[in-house]
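Below: one structure, written as structure tokens.
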Amino acid sequence: QVQLVESGGGLVQAGGSLRLSCAASGRTFSGYALGWFRQAPGKEREFVAAISRSGGSTYYRDSVKGRFTISRDTAKNTVYLQMNSLKPEDTAVYYCAAKGVSFYSNYYTEAEDYEDWGQGTQVAVSS
């Protein structure tokens, strides 16, 4: 099991940027594929971005492609979500998630695939 702690959320105007961080502890970070999900009020949790164990494969939901970038720093046991050109519809609680894997290049887009979750960080985008 790995413990995850998100940070970096806040209030930003439309068009602005935020970088979310998710620090991991407890197990070997390099053995995990990672993902970011979000949940807006009254809506179901949805996939945002995923990165493989190697870091070489990434995937995004269509609405954030070209605006968000997921990355990982194994030395710092941290996964990041750089969010640019933010829109009011990006407002949500953002969660990072981890899945222990053997394969280096696979990423995962379903919440049910992930074993460990952070507590979430709030992102609010004003118009």
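By order of appearance in the structure tokens: chains A, B, ..., then residues from 1 within every chain, and ligands from 1 in the order shown.
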
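By only C-alpha atoms, and with residues fewer than 4 positions from Ser105 (chain A) along its chain excluded, the set lying at most 8 Å from it is Ser52, Arg53, Ser54, Gly55, Gly56 and Ser57 of chain A.
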
Could you write out the selected residues, including N, CA and C atoms, as a PDB file, in the first residue's frame?
```
ATOM      1  N   SER A  52       2.096   5.821 -16.998  1.00  0.00           N
ATOM      2  CA  SER A  52       2.566   4.458 -16.768  1.00  0.00           C
ATOM      3  C   SER A  52       3.666   4.416 -15.716  1.00  0.00           C
ATOM      4  N   ARG A  53       3.992   3.221 -15.327  1.00  0.00           N
ATOM      5  CA  ARG A  53       5.060   3.015 -14.351  1.00  0.00           C
ATOM      6  C   ARG A  53       6.376   3.614 -14.848  1.00  0.00           C
ATOM      7  N   SER A  54       6.648   3.478 -16.120  1.00  0.00           N
ATOM      8  CA  SER A  54       7.900   3.998 -16.679  1.00  0.00           C
ATOM      9  C   SER A  54       7.873   5.507 -16.872  1.00  0.00           C
ATOM     10  N   GLY A  55       6.651   6.064 -16.940  1.00  0.00           N
ATOM     11  CA  GLY A  55       6.518   7.481 -17.267  1.00  0.00           C
ATOM     12  C   GLY A  55       6.486   7.749 -18.756  1.00  0.00           C
ATOM     13  N   GLY A  56       6.690   6.709 -19.544  1.00  0.00           N
ATOM     14  CA  GLY A  56       6.766   6.902 -20.980  1.00  0.00           C
ATOM     15  C   GLY A  56       5.431   6.913 -21.698  1.00  0.00           C
ATOM     16  N   SER A  57       4.389   6.469 -21.021  1.00  0.00           N
ATOM     17  CA  SER A  57       3.050   6.451 -21.622  1.00  0.00           C
ATOM     18  C   SER A  57       2.104   7.293 -20.773  1.00  0.00           C
TER      19      SER A  57
END
```

Within 8 Å of Leu34 (chain A) using only C-alpha atoms, minus same-chain residues under 3 positions, as a PyMOL selection string = chain A and resi 50-53+79+96-99+107-108

request  = Would you mind writing down, as a PyMOL selection string, each residue of chain A that DSSP on the backbone assigns to strand (DSSP E or B)?
outcome  = chain A and resi 3-7+10-13+18-25+32-39+46-51+58-60+68-73+78-83+92-100+116-117+121-126

task = Name all residues at most 8 Å from region 66-76 of chain A (count only C-alpha atoms; drop same-chain ones fewer than 3 positions away) and give them as number ranges by chain.
result = A: 23, 29-30, 49-51, 55, 58, 79-86

Selected residues written out, C-alpha atoms, as a CSV table (one decimal), in the first residue's frame:
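After the write, result22.csv holds the following:
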```
chain,number,residue,atom,x,y,z
A,23,ALA,CA,3.6,12.9,-2.8
A,29,PHE,CA,6.9,4.5,-5.9
A,30,SER,CA,8.5,3.3,-9.1
A,49,ALA,CA,-5.0,11.7,-16.8
A,50,ALA,CA,-2.8,8.7,-16.3
A,51,ILE,CA,0.8,7.8,-16.5
A,55,GLY,CA,6.5,7.5,-17.3
A,58,THR,CA,0.4,9.0,-20.8
A,79,VAL,CA,3.3,12.8,-9.5
A,80,TYR,CA,2.3,16.1,-11.0
A,81,LEU,CA,-0.6,17.5,-12.9
A,82,GLN,CA,0.2,20.8,-14.7
A,83,MET,CA,-3.0,22.5,-15.6
A,84,ASN,CA,-3.0,25.4,-18.0
A,85,SER,CA,-5.8,27.4,-19.7
A,86,LEU,CA,-8.1,26.5,-16.9
```

Spatial neighbours of Pro41 (chain A), 9 Å, only C-alpha atoms, chain gap at least 4 places, as a count of residues only = 3

query = Got a sec: who's within 10 Å of Phe47 (chain A), counting only C-alpha atoms, leaving out chain neighbours fewer than 4 positions off, as a count of residues only?
reply = 14

Using only C-alpha atoms, which protein or nucleic acid residues come within 8 Å of Val2 (chain A)? Drop anything in the same chain fewer than 3 positions from it, and give the result as a CSV table (one decimal) with N, CA and C atoms, in the first residue's frame.
```
chain,number,residue,atom,x,y,z
A,24,ALA,N,4.0,10.5,-2.6
A,24,ALA,CA,3.8,9.2,-2.2
A,24,ALA,C,4.7,8.7,-1.1
A,25,SER,N,4.3,7.8,-0.3
A,25,SER,CA,5.2,7.2,0.7
A,25,SER,C,4.6,5.8,1.1
A,26,GLY,N,5.5,5.0,1.6
A,26,GLY,CA,5.1,3.7,2.1
A,26,GLY,C,5.5,2.5,1.3
A,27,ARG,N,5.6,2.6,0.0
A,27,ARG,CA,6.1,1.6,-0.8
A,27,ARG,C,6.9,2.1,-1.9
A,29,PHE,N,7.7,3.7,-5.0
A,29,PHE,CA,6.9,4.5,-5.9
A,29,PHE,C,7.1,4.1,-7.3
A,98,ALA,N,-3.0,5.4,-7.2
A,98,ALA,CA,-1.9,4.5,-7.5
A,98,ALA,C,-2.3,3.1,-7.7
A,116,ASP,N,-5.0,2.6,-4.3
A,116,ASP,CA,-4.7,3.6,-3.3
A,116,ASP,C,-5.1,5.0,-3.8
```

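The closest residue to Val64 (chain A), picked from A:Asp90, A:Asp113, A:Glu6, A:Glu44 and counting only C-alpha atoms, is A:Asp90.
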
task = Using CA of Cys22 (chain A) and CA of Arg45 (chain A) as the two end points, give the distance in Å to one decimal.
result = 17.6 Å

query = Of the candidates A:Thr121, A:Asn106, A:Gln1, A:Ser63, which one gets nearest to Ser21 (chain A) if we count only C-alpha atoms?
reply = A:Thr121

query = Looking only at the backbone, which of the residues in region 6-84 of chain A does DSSP tag as helix (DSSP H, G or I), as an NGL selection string?
reply = :A and (29-31 or 62-64 or 74-76)

Written file, previous selection with N, CA and C atoms, as a PDB file, in the first residue's frame:
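Heads up, here's the output in result-v8.pdb:
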```pdb
ATOM      1  N   PHE A  29       7.735   3.702  -4.963  1.00  0.00           N
ATOM      2  CA  PHE A  29       6.929   4.522  -5.881  1.00  0.00           C
ATOM      3  C   PHE A  29       7.090   4.064  -7.322  1.00  0.00           C
ATOM      4  N   SER A  30       8.262   3.608  -7.667  1.00  0.00           N
ATOM      5  CA  SER A  30       8.524   3.253  -9.065  1.00  0.00           C
ATOM      6  C   SER A  30       7.729   2.042  -9.516  1.00  0.00           C
ATOM      7  N   GLY A  31       7.131   1.306  -8.605  1.00  0.00           N
ATOM      8  CA  GLY A  31       6.357   0.130  -8.968  1.00  0.00           C
ATOM      9  C   GLY A  31       4.898   0.397  -9.257  1.00  0.00           C
ATOM     10  N   ASP A  62     -10.484  13.710 -23.162  1.00  0.00           N
ATOM     11  CA  ASP A  62     -10.480  14.612 -24.316  1.00  0.00           C
ATOM     12  C   ASP A  62     -10.541  16.081 -23.902  1.00  0.00           C
ATOM     13  N   SER A  63     -11.317  16.388 -22.875  1.00  0.00           N
ATOM     14  CA  SER A  63     -11.550  17.791 -22.539  1.00  0.00           C
ATOM     15  C   SER A  63     -10.321  18.487 -21.950  1.00  0.00           C
ATOM     16  N   VAL A  64      -9.284  17.731 -21.586  1.00  0.00           N
ATOM     17  CA  VAL A  64      -8.094  18.362 -21.018  1.00  0.00           C
ATOM     18  C   VAL A  64      -6.868  18.205 -21.914  1.00  0.00           C
ATOM     19  N   THR A  74      10.344  10.077 -10.028  1.00  0.00           N
ATOM     20  CA  THR A  74      10.532   8.918  -9.160  1.00  0.00           C
ATOM     21  C   THR A  74      11.468   9.242  -8.001  1.00  0.00           C
ATOM     22  N   ALA A  75      12.464  10.060  -8.240  1.00  0.00           N
ATOM     23  CA  ALA A  75      13.411  10.414  -7.185  1.00  0.00           C
ATOM     24  C   ALA A  75      12.723  11.156  -6.045  1.00  0.00           C
ATOM     25  N   LYS A  76      11.668  11.906  -6.376  1.00  0.00           N
ATOM     26  CA  LYS A  76      10.931  12.667  -5.368  1.00  0.00           C
ATOM     27  C   LYS A  76       9.643  11.976  -4.940  1.00  0.00           C
TER      28      LYS A  76
END
```

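Distances from A:Val101, A:Val48, A:Val5, A:Ala40 to Glu89 (chain A) were compared using only C-alpha atoms, and the smallest one belongs to A:Ala40.
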
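Shortest atom-to-atom contact with Thr78 (chain A) among A:Ala14, A:Gly100, A:Thr28, A:Gly9: A:Thr28, counting only C-alpha atoms.
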
note = One residue among A:Ser126, A:Ser17, A:Ser102, A:Asn77 is nearest to Leu4 (chain A) when using only C-alpha atoms, and that residue is A:Asn77
